[in-house]
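Peer 1: Compact mmCIF, N, CA and C atoms, saved as run_28.txt, coming up:
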```txt
# COMPACT_ATOMS: atom_id res chain seq x y z
N MET N 82 -13.50 0.84 19.65
CA MET N 82 -14.16 -0.01 18.68
C MET N 82 -14.16 0.65 17.30
N ASN N 83 -14.33 1.96 17.29
CA ASN N 83 -14.34 2.69 16.03
C ASN N 83 -12.97 2.61 15.35
N THR N 84 -11.89 2.65 16.13
CA THR N 84 -10.55 2.57 15.57
C THR N 84 -10.29 1.20 14.97
N LEU N 85 -10.73 0.15 15.66
CA LEU N 85 -10.56 -1.20 15.14
C LEU N 85 -11.32 -1.38 13.84
N PHE N 86 -12.54 -0.86 13.76
CA PHE N 86 -13.32 -0.95 12.53
C PHE N 86 -12.62 -0.17 11.41
N SER N 87 -12.03 0.95 11.74
CA SER N 87 -11.32 1.75 10.75
C SER N 87 -10.12 0.99 10.17
N TYR N 88 -9.37 0.33 11.06
CA TYR N 88 -8.22 -0.45 10.59
C TYR N 88 -8.65 -1.66 9.77
N LEU N 89 -9.73 -2.31 10.17
CA LEU N 89 -10.23 -3.44 9.39
C LEU N 89 -10.71 -2.99 8.02
N LYS N 90 -11.31 -1.83 7.97
CA LYS N 90 -11.75 -1.26 6.69
C LYS N 90 -10.54 -0.96 5.81
N ALA N 91 -9.47 -0.44 6.41
CA ALA N 91 -8.24 -0.16 5.66
C ALA N 91 -7.64 -1.45 5.12
N PHE N 92 -7.63 -2.51 5.92
CA PHE N 92 -7.11 -3.79 5.44
C PHE N 92 -7.97 -4.36 4.32
N GLY N 93 -9.28 -4.18 4.40
CA GLY N 93 -10.16 -4.63 3.33
C GLY N 93 -9.88 -3.90 2.03
N ILE N 94 -9.72 -2.60 2.11
CA ILE N 94 -9.39 -1.83 0.91
C ILE N 94 -8.03 -2.22 0.37
N PHE N 95 -7.08 -2.49 1.28
CA PHE N 95 -5.74 -2.93 0.86
C PHE N 95 -5.83 -4.25 0.10
N PHE N 96 -6.61 -5.20 0.59
CA PHE N 96 -6.75 -6.47 -0.11
C PHE N 96 -7.40 -6.29 -1.47
N ILE N 97 -8.37 -5.39 -1.58
CA ILE N 97 -8.98 -5.12 -2.87
C ILE N 97 -7.95 -4.55 -3.84
N PHE N 98 -7.12 -3.61 -3.36
CA PHE N 98 -6.06 -3.06 -4.20
C PHE N 98 -5.08 -4.15 -4.65
N ILE N 99 -4.72 -5.04 -3.75
CA ILE N 99 -3.76 -6.09 -4.09
C ILE N 99 -4.36 -7.06 -5.12
N ILE N 100 -5.63 -7.40 -4.96
CA ILE N 100 -6.27 -8.28 -5.93
C ILE N 100 -6.38 -7.61 -7.29
N LEU N 101 -6.76 -6.33 -7.30
CA LEU N 101 -6.81 -5.59 -8.57
C LEU N 101 -5.43 -5.47 -9.19
N LEU N 102 -4.42 -5.25 -8.36
CA LEU N 102 -3.05 -5.17 -8.85
C LEU N 102 -2.62 -6.49 -9.48
N ALA N 103 -2.98 -7.59 -8.85
CA ALA N 103 -2.63 -8.91 -9.41
C ALA N 103 -3.33 -9.13 -10.75
N LEU N 104 -4.59 -8.72 -10.84
CA LEU N 104 -5.31 -8.86 -12.12
C LEU N 104 -4.71 -7.99 -13.21
N ILE N 105 -4.40 -6.74 -12.86
CA ILE N 105 -3.81 -5.83 -13.85
C ILE N 105 -2.45 -6.33 -14.30
N THR N 106 -1.64 -6.80 -13.35
CA THR N 106 -0.32 -7.32 -13.69
C THR N 106 -0.43 -8.57 -14.55
N SER N 107 -1.39 -9.42 -14.26
CA SER N 107 -1.59 -10.63 -15.07
C SER N 107 -2.00 -10.28 -16.50
N ILE N 108 -2.88 -9.30 -16.63
CA ILE N 108 -3.32 -8.89 -17.97
C ILE N 108 -2.16 -8.27 -18.74
N ILE N 109 -1.38 -7.43 -18.06
CA ILE N 109 -0.22 -6.82 -18.73
C ILE N 109 0.80 -7.88 -19.09
N ASN N 110 0.93 -8.90 -18.24
CA ASN N 110 1.90 -9.96 -18.48
C ASN N 110 1.53 -10.80 -19.70
N LEU N 111 0.25 -10.83 -20.10
CA LEU N 111 -0.18 -11.58 -21.27
C LEU N 111 0.27 -10.91 -22.58
N THR N 112 0.55 -9.62 -22.52
CA THR N 112 1.06 -8.94 -23.70
C THR N 112 2.55 -9.25 -23.87
N ASN N 113 3.14 -8.69 -24.86
CA ASN N 113 4.55 -8.97 -25.13
C ASN N 113 5.49 -8.01 -24.43
N ILE N 114 5.06 -7.47 -23.31
CA ILE N 114 5.92 -6.57 -22.53
C ILE N 114 6.85 -7.43 -21.68
N ASN N 115 8.12 -7.03 -21.61
CA ASN N 115 9.07 -7.84 -20.84
C ASN N 115 8.79 -7.77 -19.34
N SER N 116 9.32 -8.71 -18.62
CA SER N 116 9.00 -8.86 -17.19
C SER N 116 9.56 -7.72 -16.34
N ILE N 117 10.63 -7.09 -16.77
CA ILE N 117 11.19 -5.97 -16.01
C ILE N 117 10.21 -4.80 -15.99
N THR N 118 9.59 -4.52 -17.12
CA THR N 118 8.61 -3.44 -17.20
C THR N 118 7.37 -3.77 -16.37
N VAL N 119 6.94 -5.03 -16.42
CA VAL N 119 5.78 -5.45 -15.63
C VAL N 119 6.08 -5.31 -14.14
N ASN N 120 7.29 -5.66 -13.73
CA ASN N 120 7.67 -5.51 -12.32
C ASN N 120 7.70 -4.05 -11.89
N LYS N 121 8.18 -3.18 -12.76
CA LYS N 121 8.20 -1.74 -12.44
C LYS N 121 6.78 -1.19 -12.33
N ILE N 122 5.91 -1.60 -13.23
CA ILE N 122 4.51 -1.18 -13.15
C ILE N 122 3.86 -1.67 -11.86
N SER N 123 4.19 -2.90 -11.48
CA SER N 123 3.65 -3.47 -10.24
C SER N 123 4.12 -2.70 -9.01
N VAL N 124 5.38 -2.30 -8.98
CA VAL N 124 5.91 -1.52 -7.86
C VAL N 124 5.23 -0.15 -7.80
N ILE N 125 5.05 0.48 -8.94
CA ILE N 125 4.42 1.80 -8.98
C ILE N 125 2.97 1.72 -8.52
N LEU N 126 2.23 0.73 -8.99
CA LEU N 126 0.83 0.60 -8.59
C LEU N 126 0.70 0.25 -7.11
N THR N 127 1.60 -0.56 -6.58
CA THR N 127 1.57 -0.87 -5.15
C THR N 127 1.89 0.37 -4.33
N ALA N 128 2.87 1.15 -4.76
CA ALA N 128 3.20 2.39 -4.05
C ALA N 128 2.03 3.37 -4.08
N ILE N 129 1.32 3.40 -5.19
CA ILE N 129 0.14 4.28 -5.27
C ILE N 129 -0.92 3.81 -4.29
N SER N 130 -1.12 2.50 -4.17
CA SER N 130 -2.12 2.01 -3.21
C SER N 130 -1.68 2.30 -1.78
N PHE N 131 -0.38 2.21 -1.50
CA PHE N 131 0.13 2.56 -0.17
C PHE N 131 0.01 4.05 0.10
N PHE N 132 -0.05 4.86 -0.93
CA PHE N 132 -0.23 6.30 -0.78
C PHE N 132 -1.70 6.66 -0.57
N VAL N 133 -2.58 6.02 -1.34
CA VAL N 133 -4.00 6.39 -1.35
C VAL N 133 -4.71 5.98 -0.07
N ILE N 134 -4.46 4.77 0.42
CA ILE N 134 -5.19 4.29 1.60
C ILE N 134 -4.92 5.15 2.82
N PRO N 135 -3.67 5.44 3.20
CA PRO N 135 -3.47 6.35 4.34
C PRO N 135 -3.97 7.77 4.07
N LEU N 136 -3.94 8.21 2.81
CA LEU N 136 -4.46 9.53 2.48
C LEU N 136 -5.94 9.61 2.82
N LEU N 137 -6.70 8.61 2.45
CA LEU N 137 -8.14 8.60 2.72
C LEU N 137 -8.43 8.51 4.22
N PHE N 138 -7.70 7.68 4.92
CA PHE N 138 -7.98 7.48 6.33
C PHE N 138 -7.43 8.60 7.20
N ALA N 139 -6.35 9.23 6.80
CA ALA N 139 -5.81 10.34 7.58
C ALA N 139 -6.70 11.57 7.46
N HIS N 140 -7.35 11.72 6.32
CA HIS N 140 -8.24 12.87 6.14
C HIS N 140 -9.42 12.82 7.10
N LYS N 141 -9.90 11.62 7.39
CA LYS N 141 -11.05 11.47 8.27
C LYS N 141 -10.66 11.33 9.74
N SER N 142 -9.38 11.17 10.02
CA SER N 142 -8.94 10.89 11.38
C SER N 142 -8.59 12.17 12.13
N ASN N 143 -8.62 12.07 13.45
CA ASN N 143 -8.19 13.19 14.29
C ASN N 143 -6.74 13.05 14.71
N LYS N 144 -6.11 11.94 14.37
CA LYS N 144 -4.72 11.69 14.75
C LYS N 144 -3.78 12.37 13.76
N ARG N 145 -2.50 12.36 14.11
CA ARG N 145 -1.50 12.91 13.21
C ARG N 145 -1.41 12.04 11.96
N GLY N 146 -1.33 12.67 10.82
CA GLY N 146 -1.32 11.93 9.56
C GLY N 146 -0.08 11.10 9.36
N ILE N 147 1.05 11.61 9.81
CA ILE N 147 2.31 10.88 9.62
C ILE N 147 2.32 9.60 10.46
N ILE N 148 1.74 9.67 11.66
CA ILE N 148 1.70 8.49 12.52
C ILE N 148 0.72 7.46 11.95
N LEU N 149 -0.43 7.92 11.48
CA LEU N 149 -1.41 7.01 10.89
C LEU N 149 -0.85 6.35 9.63
N GLY N 150 -0.18 7.13 8.80
CA GLY N 150 0.44 6.58 7.59
C GLY N 150 1.52 5.57 7.92
N LEU N 151 2.30 5.85 8.98
CA LEU N 151 3.34 4.92 9.40
C LEU N 151 2.73 3.63 9.93
N LYS N 152 1.68 3.75 10.74
CA LYS N 152 1.03 2.55 11.29
C LYS N 152 0.45 1.69 10.17
N LEU N 153 -0.29 2.31 9.28
CA LEU N 153 -0.92 1.55 8.20
C LEU N 153 0.11 0.93 7.27
N SER N 154 1.12 1.70 6.87
CA SER N 154 2.10 1.16 5.94
C SER N 154 2.95 0.07 6.58
N LEU N 155 3.30 0.21 7.86
CA LEU N 155 4.06 -0.84 8.53
C LEU N 155 3.23 -2.12 8.67
N SER N 156 1.96 -1.97 8.98
CA SER N 156 1.13 -3.16 9.09
C SER N 156 0.93 -3.82 7.73
N PHE N 157 0.78 -3.04 6.67
CA PHE N 157 0.65 -3.61 5.33
C PHE N 157 1.95 -4.32 4.91
N VAL N 158 3.09 -3.69 5.21
CA VAL N 158 4.38 -4.29 4.85
C VAL N 158 4.59 -5.59 5.63
N LEU N 159 4.27 -5.60 6.91
CA LEU N 159 4.40 -6.83 7.68
C LEU N 159 3.50 -7.93 7.12
N LEU N 160 2.32 -7.56 6.69
CA LEU N 160 1.43 -8.52 6.07
C LEU N 160 2.01 -9.05 4.76
N LEU N 161 2.58 -8.17 3.95
CA LEU N 161 3.21 -8.60 2.70
C LEU N 161 4.41 -9.50 2.96
N ILE N 162 5.20 -9.20 3.99
CA ILE N 162 6.35 -10.05 4.33
C ILE N 162 5.87 -11.44 4.74
N LEU N 163 4.83 -11.48 5.57
CA LEU N 163 4.30 -12.78 5.98
C LEU N 163 3.76 -13.58 4.81
N ILE N 164 3.05 -12.92 3.91
CA ILE N 164 2.52 -13.60 2.73
C ILE N 164 3.66 -14.13 1.87
N ASN N 165 4.70 -13.33 1.67
CA ASN N 165 5.84 -13.77 0.87
C ASN N 165 6.58 -14.93 1.51
N ILE N 166 6.71 -14.92 2.83
CA ILE N 166 7.42 -16.00 3.50
C ILE N 166 6.59 -17.28 3.50
N ILE N 167 5.30 -17.16 3.82
CA ILE N 167 4.48 -18.36 3.96
C ILE N 167 4.12 -18.98 2.61
N PHE N 168 3.63 -18.18 1.68
CA PHE N 168 3.11 -18.75 0.44
C PHE N 168 4.17 -18.87 -0.66
N PHE N 169 5.01 -17.88 -0.80
CA PHE N 169 5.95 -17.88 -1.92
C PHE N 169 7.36 -18.31 -1.53
N LYS N 170 7.64 -18.35 -0.24
CA LYS N 170 8.95 -18.74 0.28
C LYS N 170 10.08 -17.97 -0.39
N SER N 171 9.82 -16.69 -0.64
CA SER N 171 10.83 -15.86 -1.29
C SER N 171 11.85 -15.37 -0.26
N PRO N 172 13.11 -15.37 -0.63
CA PRO N 172 14.13 -14.93 0.32
C PRO N 172 14.08 -13.42 0.53
N PHE N 173 14.54 -13.00 1.68
CA PHE N 173 14.60 -11.58 2.00
C PHE N 173 15.97 -11.07 1.60
N ASN N 174 16.00 -10.13 0.64
CA ASN N 174 17.27 -9.59 0.16
C ASN N 174 17.20 -8.06 0.14
N ILE N 175 18.24 -7.44 -0.34
CA ILE N 175 18.33 -5.97 -0.33
C ILE N 175 17.28 -5.35 -1.26
N ASP N 176 16.95 -6.02 -2.36
CA ASP N 176 15.92 -5.50 -3.27
C ASP N 176 14.57 -5.43 -2.58
N ARG N 177 14.24 -6.46 -1.82
CA ARG N 177 12.98 -6.46 -1.06
C ARG N 177 12.98 -5.37 0.00
N LEU N 178 14.11 -5.19 0.66
CA LEU N 178 14.21 -4.15 1.69
C LEU N 178 13.97 -2.77 1.11
N ILE N 179 14.56 -2.49 -0.04
CA ILE N 179 14.36 -1.20 -0.71
C ILE N 179 12.90 -1.06 -1.13
N TYR N 180 12.31 -2.12 -1.63
CA TYR N 180 10.90 -2.12 -2.02
C TYR N 180 10.00 -1.79 -0.83
N TYR N 181 10.25 -2.42 0.30
CA TYR N 181 9.44 -2.16 1.49
C TYR N 181 9.66 -0.76 2.03
N ILE N 182 10.87 -0.25 1.94
CA ILE N 182 11.13 1.13 2.38
C ILE N 182 10.39 2.13 1.50
N ILE N 183 10.36 1.88 0.20
CA ILE N 183 9.60 2.74 -0.72
C ILE N 183 8.13 2.73 -0.36
N LEU N 184 7.59 1.55 -0.05
CA LEU N 184 6.18 1.45 0.31
C LEU N 184 5.88 2.17 1.62
N ILE N 185 6.76 2.06 2.60
CA ILE N 185 6.56 2.74 3.88
C ILE N 185 6.61 4.25 3.70
N ILE N 186 7.56 4.74 2.92
CA ILE N 186 7.66 6.18 2.67
C ILE N 186 6.41 6.67 1.92
N SER N 187 5.92 5.87 1.00
CA SER N 187 4.71 6.23 0.27
C SER N 187 3.52 6.33 1.21
N GLY N 188 3.41 5.39 2.16
CA GLY N 188 2.32 5.44 3.13
C GLY N 188 2.42 6.63 4.07
N ILE N 189 3.64 6.96 4.49
CA ILE N 189 3.84 8.12 5.36
C ILE N 189 3.47 9.41 4.62
N LEU N 190 3.89 9.52 3.38
CA LEU N 190 3.53 10.70 2.59
C LEU N 190 2.02 10.80 2.38
N GLY N 191 1.39 9.68 2.12
CA GLY N 191 -0.06 9.68 1.94
C GLY N 191 -0.78 10.10 3.20
N GLY N 192 -0.31 9.63 4.35
CA GLY N 192 -0.94 10.02 5.61
C GLY N 192 -0.76 11.48 5.93
N SER N 193 0.45 12.00 5.71
CA SER N 193 0.68 13.41 6.03
C SER N 193 -0.02 14.34 5.05
N ILE N 194 -0.07 13.97 3.79
CA ILE N 194 -0.79 14.80 2.82
C ILE N 194 -2.29 14.69 3.04
N GLY N 195 -2.78 13.51 3.39
CA GLY N 195 -4.19 13.32 3.64
C GLY N 195 -4.69 14.13 4.82
N LYS N 196 -3.86 14.30 5.82
CA LYS N 196 -4.26 15.09 6.99
C LYS N 196 -4.33 16.58 6.65
N ASN N 197 -3.48 17.02 5.75
CA ASN N 197 -3.40 18.45 5.43
C ASN N 197 -4.24 18.87 4.24
N ILE N 198 -4.85 17.94 3.55
CA ILE N 198 -5.62 18.30 2.35
C ILE N 198 -7.01 18.77 2.76
N LYS N 199 -7.50 19.71 2.05
CA LYS N 199 -8.84 20.25 2.28
C LYS N 199 -9.72 19.87 1.10
N LEU N 200 -10.69 19.01 1.37
CA LEU N 200 -11.62 18.61 0.32
C LEU N 200 -12.88 19.45 0.40
N LYS N 201 -13.36 19.88 -0.74
CA LYS N 201 -14.60 20.65 -0.76
C LYS N 201 -15.77 19.68 -0.72
N ARG N 202 -16.68 19.95 0.19
CA ARG N 202 -17.87 19.13 0.29
C ARG N 202 -19.08 19.95 -0.09
N LYS N 203 -20.00 19.33 -0.79
CA LYS N 203 -21.20 20.04 -1.23
C LYS N 203 -22.27 19.96 -0.17
```
Represent the structure of the file as structure tokens.
Peer 2:
Amino acid sequence: MNTLFSYLKAFGIFFIFIILLALITSIINLTNINSITVNKISVILTAISFFVIPLLFAHKSNKRGIILGLKLSLSFVLLLILINIIFFKSPFNIDRLIYYIILIISGILGGSIGKNIKLKRK
């Protein structure tokens, strides 16, 4: 039960990151910055969120960080694929595949670094 609650908490944080990312991207898009730059910023911010969430959860977990990062990032990517297919009907191409691979690698790195990091507690 504790593991299920942990995963639901991770999905909640992921949704908060995605909503904040959409707001930030919308605000940046209102400026005169071209769409290529906005897309690059969006990819970087999404990769950071894929890095941070497994980092936080792997630090508190007793499992291997790389496995936890892989599980979380794969589940997030599958969720993103479903959202893109259902709501946006965007085609799956090589650019999307590279994007998803970058996100999965970011999640794996976050999980493995999160397991090995030592935080000082007061």
Peer 1: Of the residues N:Ser156, N:Val133, N:Val124, N:Lys144, which is the one nearest to Tyr180 in chain N, using all atoms listed in the file?
Peer 2: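 The shortest atom-to-atom distance to Tyr180 in chain N comes from N:Val124.
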Peer 1: CA of Lys141 in chain N to atom N of Lys90 in chain N: how many Å, to one decimal?
Peer 2: 13.3 Å
Peer 1: Of the candidates N:Leu159, N:Ile183, N:Ala91, N:Leu149, which one gets nearest to Leu126 in chain N if we count only C-alpha atoms?
Peer 2: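 Using only C-alpha atoms, Leu126 in chain N sits closest to N:Ile183.
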Peer 1: I need the residue nearest Ile198 in chain N from this list: N:Ile105, N:Ile97, N:Thr112, N:Phe138. Use only C-alpha atoms for the distance.
Peer 2: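 Nearest candidate to Ile198 in chain N out of N:Ile105, N:Ile97, N:Thr112, N:Phe138: N:Phe138.
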Peer 1: Can you build me a table of range 92-172 of chain N residues sitting at most 9 Å from range 185-190 of chain N, with the closest atom pair per residue and its distance in Å to one decimal, using only C-alpha atoms, sorted by chain and residue number, as a Markdown table?
Peer 2:
```
| residue | atom | partner | partner_atom | distance |
| --- | --- | --- | --- | --- |
| N:Ala128 | CA | N:Ser187 | CA | 6.0 |
| N:Ile129 | CA | N:Ser187 | CA | 7.4 |
| N:Ser130 | CA | N:Gly188 | CA | 8.5 |
| N:Phe131 | CA | N:Gly188 | CA | 4.9 |
| N:Phe132 | CA | N:Gly188 | CA | 4.7 |
| N:Val133 | CA | N:Gly188 | CA | 7.8 |
| N:Ile134 | CA | N:Gly188 | CA | 7.8 |
| N:Pro135 | CA | N:Gly188 | CA | 6.0 |
| N:Leu136 | CA | N:Gly188 | CA | 7.9 |
| N:Gly146 | CA | N:Ile189 | CA | 7.7 |
| N:Ile147 | CA | N:Ile189 | CA | 5.3 |
| N:Ile148 | CA | N:Ile189 | CA | 7.5 |
| N:Leu149 | CA | N:Ile189 | CA | 7.7 |
| N:Gly150 | CA | N:Ile189 | CA | 4.3 |
| N:Leu151 | CA | N:Ile189 | CA | 5.2 |
| N:Lys152 | CA | N:Ile189 | CA | 8.6 |
| N:Leu153 | CA | N:Gly188 | CA | 7.2 |
| N:Ser154 | CA | N:Gly188 | CA | 5.1 |
| N:Leu155 | CA | N:Ile185 | CA | 6.4 |
| N:Phe157 | CA | N:Ile185 | CA | 8.8 |
| N:Val158 | CA | N:Ile185 | CA | 7.4 |
```
Peer 1: So how far away is atom C of Tyr181 in chain N from atom C of Asn115 in chain N, in Å?
Peer 2: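 Rounded to one decimal, the two atoms are 22.5 Å apart.
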Peer 1: Using only N, CA and C atoms, which protein or nucleic acid residues come within 8 Å of Asn197 in chain N? Drop anything in the same chain fewer than 6 positions from it, and give the result as a short mmCIF file (atom, residue, chain, number, x, y, z; two decimals) with N, CA and C atoms, keeping the file's coordinate frame.
Peer 2:
```cif
data_model
loop_
_atom_site.label_atom_id
_atom_site.label_comp_id
_atom_site.auth_asym_id
_atom_site.auth_seq_id
_atom_site.Cartn_x
_atom_site.Cartn_y
_atom_site.Cartn_z
N ALA N 139 -6.35 9.23 6.80
CA ALA N 139 -5.81 10.34 7.58
C ALA N 139 -6.70 11.57 7.46
N HIS N 140 -7.35 11.72 6.32
CA HIS N 140 -8.24 12.87 6.14
C HIS N 140 -9.42 12.82 7.10
N GLY N 146 -1.33 12.67 10.82
CA GLY N 146 -1.32 11.93 9.56
C GLY N 146 -0.08 11.10 9.36
N GLY N 191 1.39 9.68 2.12
CA GLY N 191 -0.06 9.68 1.94
C GLY N 191 -0.78 10.10 3.20
#
```
